[in-house]
>>> print(open('protein-v7.txt').read())   # compact mmCIF, C-alpha atoms
# COMPACT_ATOMS: atom_id res chain seq x y z
CA MET E 233 28.81 -6.05 13.92
CA SER E 234 29.63 -2.34 14.22
CA LYS E 235 29.99 -0.88 17.68
CA ARG E 236 27.58 1.91 16.70
CA ILE E 237 24.17 0.84 15.49
CA ARG E 238 22.24 3.52 13.61
CA GLN E 239 18.68 2.40 13.75
CA TYR E 240 15.91 4.45 12.24
CA LEU E 241 12.67 3.41 13.88
CA LEU E 242 10.63 3.59 10.70
CA ALA E 243 8.43 0.50 10.86
CA LEU E 244 5.38 2.73 11.24
CA GLY E 245 6.83 5.55 9.17
CA VAL E 246 7.50 3.39 6.13
CA VAL E 247 4.11 1.69 6.12
CA VAL E 248 2.06 4.68 7.18
CA GLY E 249 4.09 7.34 5.42
CA LEU E 250 4.28 5.83 1.94
CA VAL E 251 1.49 3.34 1.31
CA GLY E 252 -0.75 3.89 4.27
CA ALA E 253 -0.30 7.52 5.15
CA SER E 254 -2.78 9.46 7.25
CA PRO E 255 -2.50 12.59 9.39
CA VAL E 256 -1.96 10.75 12.67
CA LEU E 257 0.64 10.88 15.38
CA LEU E 258 3.83 9.00 14.62
CA SER E 259 5.38 7.63 17.81
CA GLU E 260 8.83 6.10 18.04
CA LYS E 261 10.33 4.64 21.20
CA VAL E 262 13.73 3.11 21.88
CA ALA E 263 15.82 2.36 24.93
CA ALA E 264 18.97 4.32 24.17
CA ALA E 265 22.33 4.26 25.92
CA ASP E 266 21.33 6.86 28.51
CA GLY E 267 17.61 6.20 28.76
CA GLU E 268 14.37 6.22 26.85
CA PHE E 269 13.99 8.01 23.51
CA TYR E 270 10.30 8.53 22.85
CA LEU E 271 8.96 11.14 20.41
CA GLN E 272 5.58 11.81 18.86
CA VAL E 273 5.38 13.73 15.59
CA SER E 274 2.41 15.24 13.76
CA PRO E 275 1.51 15.34 10.93
CA SER E 276 3.06 12.28 9.32
CA PRO E 277 3.57 12.40 6.43
CA LEU E 278 3.85 16.09 5.62
CA VAL E 279 2.04 16.48 2.28
CA VAL E 280 1.98 19.89 0.57
CA THR E 281 1.08 21.42 -2.79
CA ILE E 282 2.86 24.61 -3.73
CA LYS E 283 3.28 26.74 -6.84
CA PRO E 284 6.65 27.55 -8.43
CA GLY E 285 8.16 30.75 -7.06
CA GLN E 286 6.24 30.51 -3.78
CA THR E 287 7.64 30.39 -0.25
CA MET E 288 5.46 28.78 2.38
CA SER E 289 5.89 27.51 5.94
CA TYR E 290 4.33 24.41 7.46
CA GLU E 291 4.11 23.35 11.09
CA LEU E 292 5.59 20.11 12.36
CA LYS E 293 4.79 19.33 16.00
CA VAL E 294 7.20 17.23 18.09
CA ARG E 295 6.33 15.92 21.55
CA ASN E 296 8.80 14.51 24.03
CA ALA E 297 6.98 11.58 25.62
CA GLY E 298 10.08 10.47 27.49
CA SER E 299 11.13 11.22 31.05
CA ALA E 300 14.12 13.49 30.38
CA PRO E 301 14.75 16.65 28.32
CA GLU E 302 15.79 15.97 24.72
CA LYS E 303 18.22 18.13 22.77
CA LEU E 304 17.29 17.44 19.17
CA LYS E 305 18.15 18.44 15.64
CA ILE E 306 16.26 18.17 12.37
CA ALA E 307 17.58 17.85 8.83
CA PRO E 308 16.31 16.80 5.37
CA ARG E 309 17.62 13.44 4.17
CA SER E 310 17.35 11.35 1.00
CA PHE E 311 15.65 7.99 0.74
CA SER E 312 15.01 5.46 -2.00
CA ILE E 313 12.46 2.68 -2.49
CA ASP E 314 13.05 -0.78 -3.91
CA ASN E 315 10.10 -1.35 -6.24
CA ASN E 316 10.41 -5.12 -5.93
CA SER E 317 10.50 -5.46 -2.16
CA GLY E 318 9.10 -2.09 -1.08
CA GLN E 319 12.14 -1.67 1.18
CA VAL E 320 12.95 1.95 2.05
CA SER E 321 16.65 2.87 2.31
CA PHE E 322 17.84 6.05 4.00
CA ASP E 323 21.04 8.02 3.63
CA ASP E 324 21.62 9.59 7.05
CA THR E 325 24.35 11.90 5.74
CA LYS E 326 23.11 13.01 2.32
CA LYS E 327 20.88 16.02 1.85
CA PRO E 328 18.32 15.52 -0.97
CA SER E 329 19.27 17.30 -4.17
CA GLU E 330 17.48 20.56 -4.98
CA ILE E 331 14.67 20.33 -2.43
CA GLY E 332 17.21 20.10 0.38
CA ASP E 333 18.58 23.52 -0.56
CA TRP E 334 15.06 24.95 -0.70
CA THR E 335 14.17 23.68 2.79
CA SER E 336 14.88 25.56 6.00
CA PHE E 337 13.80 25.29 9.64
CA SER E 338 12.83 27.81 12.29
CA ALA E 339 15.01 25.92 14.77
CA PRO E 340 17.43 23.35 13.30
CA ASN E 341 18.50 22.62 16.90
CA PHE E 342 15.91 22.63 19.68
CA THR E 343 15.17 21.26 23.12
CA VAL E 344 11.91 19.66 24.23
CA GLN E 345 11.07 19.15 27.89
CA PRO E 346 9.33 15.93 29.05
CA GLY E 347 5.64 15.91 28.19
CA GLU E 348 5.85 19.11 26.15
CA TRP E 349 5.26 19.88 22.46
CA PHE E 350 7.59 21.86 20.24
CA THR E 351 6.40 23.46 17.00
CA GLU E 352 8.98 23.37 14.22
CA LYS E 353 8.29 25.54 11.19
CA VAL E 354 9.44 23.96 7.95
CA THR E 355 9.82 26.54 5.18
CA LEU E 356 9.89 25.65 1.49
CA ALA E 357 11.18 28.27 -0.93
CA ILE E 358 10.37 26.84 -4.35
CA PRO E 359 12.09 28.48 -7.35
CA LYS E 360 10.23 29.12 -10.59
CA GLU E 361 12.26 26.47 -12.40
CA ALA E 362 11.27 23.69 -9.99
CA GLY E 363 10.17 20.27 -11.20
CA PHE E 364 6.84 18.57 -10.63
CA SER E 365 7.25 16.69 -7.33
CA TYR E 366 9.76 15.96 -4.61
CA SER E 367 9.94 13.47 -1.76
CA PHE E 368 12.39 13.38 1.13
CA ALA E 369 12.55 12.63 4.85
CA LEU E 370 12.73 15.02 7.78
CA VAL E 371 14.96 13.15 10.22
CA ILE E 372 14.97 14.10 13.91
CA THR E 373 17.87 12.88 16.06
CA ARG E 374 19.68 13.86 19.22
CA GLN E 375 22.23 16.64 18.93
CA ASP E 376 24.82 14.62 20.81
CA GLU E 377 24.78 10.88 21.22
CA PRO E 378 26.56 9.53 24.32
CA ALA E 379 29.52 7.30 23.58
CA PRO E 380 29.09 3.64 24.55
CA THR E 381 31.06 2.44 27.54
CA GLY E 382 32.98 -0.83 27.61
CA ALA E 383 31.27 -3.57 25.63
CA GLN E 384 28.01 -1.62 25.53
CA ARG E 385 26.66 -0.85 22.10
CA GLU E 386 24.81 2.38 21.48
CA LEU E 387 21.32 2.28 20.04
CA LYS E 388 20.72 5.53 18.24
CA GLY E 389 17.08 6.58 18.14
CA SER E 390 15.81 8.58 15.17
CA VAL E 391 12.41 9.57 13.87
CA ALA E 392 11.78 10.21 10.17
CA VAL E 393 8.76 12.06 8.77
CA PHE E 394 8.19 11.71 5.05
CA ALA E 395 7.68 15.01 3.21
CA LEU E 396 5.82 14.76 -0.10
CA VAL E 397 5.76 17.92 -2.21
CA ASN E 398 3.63 18.45 -5.32
CA ILE E 399 4.47 21.43 -7.53
CA ASP E 400 1.33 22.95 -9.03
CA LYS E 401 2.49 23.91 -12.52
CA PRO E 402 1.45 23.30 -16.13
CA GLY E 403 2.53 19.86 -17.37
CA ALA E 404 1.97 18.11 -14.04
CA THR E 405 0.50 14.66 -14.66
CA ARG E 406 -1.13 12.15 -12.35
CA THR E 407 -1.28 8.73 -13.94
CA LEU E 408 -1.78 5.47 -12.11
CA GLU E 409 -1.74 2.05 -13.78
CA LEU E 410 -2.67 -1.39 -12.53
CA GLY E 411 0.41 -3.57 -12.67
CA SER E 412 -1.31 -6.75 -11.50
CA ILE E 413 -3.93 -8.16 -9.17
CA THR E 414 -3.07 -11.56 -7.70
CA THR E 415 -3.69 -13.77 -4.70
CA ASP E 416 -0.91 -15.23 -2.60
CA ARG E 417 -2.30 -18.69 -3.46
CA SER E 418 -4.69 -20.04 -6.08
CA PHE E 419 -6.16 -22.58 -3.66
CA TYR E 420 -7.13 -22.13 0.00
CA GLU E 421 -8.48 -24.55 2.54
CA TYR E 422 -9.74 -21.77 4.80
CA LEU E 423 -9.55 -18.00 4.94
CA PRO E 424 -7.74 -15.63 5.17
CA ALA E 425 -7.07 -15.00 1.50
CA THR E 426 -4.71 -12.19 0.56
CA ILE E 427 -5.30 -10.15 -2.60
CA ASN E 428 -2.25 -8.19 -3.79
CA VAL E 429 -2.93 -5.10 -5.88
CA GLN E 430 0.16 -3.69 -7.60
CA LEU E 431 -0.13 -0.06 -8.71
CA ARG E 432 2.40 1.87 -10.77
CA ASN E 433 2.68 5.67 -10.77
CA THR E 434 3.70 6.59 -14.32
CA GLY E 435 3.09 10.33 -13.90
CA ASN E 436 5.25 13.05 -12.40
CA SER E 437 3.13 13.85 -9.31
CA ILE E 438 2.17 11.92 -6.20
CA VAL E 439 -1.15 10.03 -6.40
CA ARG E 440 -3.51 8.70 -3.75
CA PRO E 441 -5.79 5.85 -4.89
CA ALA E 442 -9.04 4.77 -3.24
CA GLY E 443 -11.66 2.10 -3.83
CA ASN E 444 -12.62 -1.47 -2.95
CA VAL E 445 -11.96 -5.08 -3.80
CA PHE E 446 -15.31 -6.87 -4.07
CA ILE E 447 -15.44 -10.59 -3.29
CA GLN E 448 -18.00 -12.15 -5.62
CA ARG E 449 -19.14 -15.53 -6.91
CA GLY E 450 -18.64 -14.35 -10.47
CA SER E 451 -17.32 -11.41 -12.43
CA ASN E 452 -20.76 -9.86 -12.96
CA ASP E 453 -22.30 -10.74 -9.60
CA ALA E 454 -24.65 -7.94 -8.53
CA ASN E 455 -24.49 -8.86 -4.83
CA PRO E 456 -20.90 -9.01 -3.57
CA ILE E 457 -20.16 -11.12 -0.52
CA SER E 458 -17.66 -8.63 0.92
CA ALA E 459 -16.30 -5.17 0.09
CA LEU E 460 -12.68 -4.74 1.18
CA PRO E 461 -11.16 -1.23 1.19
CA VAL E 462 -8.10 -0.55 -0.94
CA ASN E 463 -5.54 1.83 0.57
CA LYS E 464 -7.76 2.31 3.63
CA ASN E 465 -5.16 4.57 5.29
CA GLU E 466 -5.24 6.96 2.32
CA GLY E 467 -1.57 6.58 1.46
CA TYR E 468 0.34 8.11 -1.46
CA ILE E 469 2.28 6.55 -4.32
CA LEU E 470 5.37 8.42 -5.48
CA PRO E 471 6.18 9.16 -9.14
CA GLY E 472 8.07 6.32 -10.81
CA SER E 473 7.40 3.91 -7.96
CA VAL E 474 5.46 0.66 -7.76
CA ARG E 475 3.48 -0.17 -4.64
CA THR E 476 1.80 -3.45 -3.74
CA LEU E 477 -1.22 -3.13 -1.49
CA ALA E 478 -2.17 -6.31 0.39
CA ILE E 479 -5.89 -6.74 1.14
CA ASP E 480 -6.96 -9.57 3.45
CA TRP E 481 -10.33 -11.32 3.24
CA ASN E 482 -10.94 -13.06 6.55
CA ASP E 483 -14.73 -12.97 6.91
CA GLY E 484 -15.43 -16.69 6.97
CA PHE E 485 -15.72 -19.87 9.01
CA PRO E 486 -13.60 -20.71 10.84
CA GLY E 487 -12.71 -17.24 12.03
CA VAL E 488 -9.23 -15.71 11.91
CA LYS E 489 -7.13 -14.42 14.77
CA SER E 490 -3.88 -12.51 14.50
CA SER E 491 -0.84 -12.48 16.73
CA THR E 492 2.24 -10.29 16.58
CA ASN E 493 5.74 -11.20 17.71
CA ALA E 494 9.31 -10.31 16.83
CA GLU E 495 8.99 -12.10 13.50
CA GLY E 496 5.90 -10.12 12.45
CA THR E 497 2.15 -10.62 12.33
CA HIS E 498 0.77 -14.13 11.90
CA THR E 499 -2.79 -15.28 11.29
CA GLU E 500 -4.37 -18.61 12.13
CA SER E 501 -7.80 -20.23 12.18
CA ASP E 502 -10.02 -19.46 15.16
CA TRP E 503 -12.54 -22.22 15.92
CA SER E 504 -13.92 -20.56 19.05
CA THR E 505 -16.97 -19.20 17.20
CA VAL E 506 -19.14 -21.31 14.94
CA ASP E 507 -21.05 -19.65 12.11
CA LEU E 508 -21.68 -22.18 9.38
CA SER E 509 -23.37 -19.50 7.25
CA LYS E 510 -19.87 -18.16 6.61
CA LEU E 511 -18.40 -21.44 5.48
CA ARG E 512 -16.61 -20.48 2.25
CA ILE E 513 -16.43 -23.15 -0.42
CA GLY E 514 -16.07 -23.02 -4.19
CA TYR E 515 -14.75 -20.53 -6.73
CA TYR E 516 -14.58 -16.81 -5.92
CA THR E 517 -13.68 -13.66 -7.85
CA ALA E 518 -11.87 -10.67 -6.32
CA LYS E 519 -12.84 -7.62 -8.39
CA LEU E 520 -10.90 -4.36 -8.03
CA VAL E 521 -12.83 -1.10 -8.50
CA ALA E 522 -10.56 1.83 -7.62
CA ILE E 523 -10.17 5.46 -8.63
CA TYR E 524 -7.59 8.23 -8.54
CA ASN E 525 -7.84 11.92 -9.38
CA ASP E 526 -5.76 13.12 -12.33
CA GLY E 527 -6.26 16.77 -11.35
CA GLN E 528 -9.46 17.17 -13.34
CA ARG E 529 -11.63 14.11 -12.74
CA ASP E 530 -11.67 10.68 -11.13
CA ILE E 531 -10.12 7.93 -13.28
CA PRO E 532 -11.24 4.33 -12.70
CA ILE E 533 -8.93 1.34 -12.31
CA THR E 534 -10.41 -2.15 -12.58
CA GLY E 535 -9.15 -5.71 -12.55
CA GLU E 536 -10.01 -9.12 -11.17
CA VAL E 537 -8.55 -12.45 -10.11
CA GLY E 538 -10.16 -15.78 -9.26
CA PHE E 539 -9.31 -18.36 -6.61
CA TRP E 540 -10.69 -21.51 -5.00
CA ILE E 541 -11.59 -22.25 -1.39
CA ILE E 542 -11.94 -25.98 -0.73
CA PRO E 543 -12.15 -26.99 2.97
CA TRP E 544 -11.14 -30.52 2.09
CA LYS E 545 -10.78 -31.72 5.66
CA ILE E 546 -14.38 -30.79 6.42
CA ILE E 547 -15.53 -32.34 3.14
CA LEU E 548 -13.53 -35.50 3.84
CA GLY E 549 -14.94 -35.65 7.37
CA ILE E 550 -18.52 -35.29 6.09
CA PHE E 551 -17.86 -37.95 3.45
CA LEU E 552 -16.51 -40.37 6.06
CA VAL E 553 -19.46 -39.75 8.38
CA VAL E 554 -21.92 -40.31 5.53
CA ALA E 555 -20.02 -43.39 4.35
CA LEU E 556 -19.84 -44.91 7.83
CA THR E 557 -23.48 -44.10 8.51
CA GLY E 558 -24.50 -45.61 5.18
CA PHE E 559 -22.42 -48.70 5.80
CA GLY E 560 -23.97 -49.08 9.25
CA LEU E 561 -27.51 -48.77 7.89
CA TRP E 562 -26.73 -51.25 5.11
CA SER E 563 -25.35 -53.71 7.66
CA VAL E 564 -28.48 -53.47 9.80
CA VAL E 565 -30.83 -53.84 6.82
CA TYR E 566 -28.80 -56.74 5.45
CA LYS E 567 -28.89 -58.60 8.79
CA VAL E 568 -32.66 -58.10 9.13
CA PHE E 569 -33.29 -59.25 5.58
CA ARG E 570 -31.06 -62.30 6.01
CA SER E 571 -32.72 -63.19 9.29
CA ARG E 572 -36.22 -63.04 7.78
CA ARG E 573 -35.18 -64.99 4.74
CA HIS E 574 -33.73 -67.73 6.94
CA LYS E 575 -37.00 -68.00 8.94
CA LYS E 576 -39.16 -68.31 5.80
CA ARG E 577 -37.07 -71.04 4.21
CA PRO E 578 -39.17 -74.33 4.04
CA VAL E 579 -38.00 -77.34 6.01
CA SER E 580 -37.56 -80.57 3.96
CA PHE E 581 -37.56 -84.13 5.30
CA ARG E 582 -35.69 -86.98 3.71
CA LYS E 583 -37.24 -90.44 3.54
>>> encode(input="protein-v7.txt", output="structure tokens")
Amino acid sequence: MSKRIRQYLLALGVVVGLVGASPVLLSEKVAAADGEFYLQVSPSPLVVTIKPGQTMSYELKVRNAGSAPEKLKIAPRSFSIDNNSGQVSFDDTKKPSEIGDWTSFSAPNFTVQPGEWFTEKVTLAIPKEAGFSYSFALVITRQDEPAPTGAQRELKGSVAVFALVNIDKPGATRTLELGSITTDRSFYEYLPATINVQLRNTGNSIVRPAGNVFIQRGSNDANPISALPVNKNEGYILPGSVRTLAIDWNDGFPGVKSSTNAEGTHTESDWSTVDLSKLRIGYYTAKLVAIYNDGQRDIPITGEVGFWIIPWKIILGIFLVVALTGFGLWSVVYKVFRSRRHKKRPVSFRK
């Protein structure tokens, strides 16, 4: 393993910035070689719409939530997305083509005192010949990283804010297609059930879908059991990319509880509350009803998938109870009948 570990703390940035983006604070914290590295950044992601030939500035606020002053620097960097896995890869040395040359900062190097905010102005100077959309990362790191001593390995803290730029010009298209709607299994014993909605941006501008997945007994059911939000964090899908949104249905009996550890988030059945009215059994349909705006009107996206929920252990338990109860009743009735029949049998005497 390399003596220098470059770790971009993007677990929140990747999920929130690309498929679940919302204008909230992005906080990243790491124990670095000489102490805590803890920054908060707002907004995240930075989403702008600008016309060709315009120059505009946007504010990016950075707060030092650590206990020591931080000498920082900011620079635009390229990233790529694996459409199959959704994995985001960063190039910490490469400036994004075109848009990197059009991006400048009020203070490329700056210092933030503990507990204070710093306002960085990001300026975009878009030429008239610009394309339709651009996406890149604004990466904030320390100006100077201390060298590790002895066998110590340095953990380099970095914060990345995704910048999504739409160019408002003739020929811009926003087109979103449904790639697939599936469940992680076709048969469940209990909830949760996970519905995966794969959306493909075939246009040349960023798109933000919205809508619901309705859980129904049938395709045309007028009274859905549940309405699950799609893209509830109002995230964006980049041109040419494919995003899979996972929607969990966990409103059932038994309940579901989640736990998070180093390996991720895990769900398991929670039998602490009993609500038999939410016992899910039989065939269900997950129906997608979503929309996106193509710049002129809302365009619908629909699809559906079916799955089974069969709580076979409960069914088997009920069957065994009924069978044992029935067998017990039959045994009692049989013994009573046999006893009465024996008493009524006539007694014969031989001469």
>>> closest_atom_pairs(input="protein-v7.txt", of="range 393-427 of chain E", to="range 272-291 of chain E", cutoff="8 Å", atoms="all atoms listed in the file", output="tab-separated table")
residue	atom	partner	partner_atom	distance
E:Val393	CA	E:Pro277	CA	5.7
E:Phe394	CA	E:Pro277	CA	4.9
E:Ala395	CA	E:Leu278	CA	4.7
E:Leu396	CA	E:Val279	CA	4.8
E:Val397	CA	E:Val280	CA	5.1
E:Asn398	CA	E:Thr281	CA	4.7
E:Ile399	CA	E:Ile282	CA	5.2
E:Asp400	CA	E:Lys283	CA	4.8
E:Lys401	CA	E:Lys283	CA	6.4
>>> residues_near_point(input="protein-v7.txt", point="(19.6, 22.9, 13.8)", cutoff="10 Å", atoms="only C-alpha atoms", output="number ranges by chain")
E: 304-307, 336-342, 372, 375
>>> residues_around(input="protein-v7.txt", residues="Pro471 in chain E", least_positions_apart="6", cutoff="9 Å", atoms="all atoms listed in the file", output="PyMOL selection string")
chain E and resi 365-366+406-407+432-439
>>> closest_residue(input="protein-v7.txt", among="E:Asn463, E:Ala362, E:Gly318, E:Glu352", to="Glu330 in chain E", atoms="all atoms listed in the file")
E:Ala362
>>> closest_residue(input="protein-v7.txt", among="E:Leu511, E:Leu292, E:Val565, E:Ile550", to="Val371 in chain E", atoms="only C-alpha atoms")
E:Leu292
>>> residues_near_point(input="protein-v7.txt", point="(2.1, -3.7, -12.6)", cutoff="10 Å", atoms="all atoms listed in the file", output="list in words")
Leu408, Glu409, Leu410, Gly411, Ser412, Ile413, Val429, Gln430, Leu431, Arg432, Asn433, Val474, Arg475 and Thr476 of chain E
>>> residues_around(input="protein-v7.txt", residues="Lys464 in chain E", least_positions_apart="2", cutoff="8 Å", atoms="only C-alpha atoms", output="PyMOL selection string")
chain E and resi 252+442+461-462+466-467
>>> closest_residue(input="protein-v7.txt", among="E:Gln528, E:Val294, E:Ser367, E:Trp349", to="Pro328 in chain E", atoms="only C-alpha atoms")
E:Ser367
>>> atom_distance(input="protein-v7.txt", atom1="CA of Ile542 in chain E", atom2="CA of Tyr515 in chain E")
8.6 Å
>>> atom_distance(input="protein-v7.txt", atom1="CA of Gly443 in chain E", atom2="CA of Thr426 in chain E")
16.5 Å
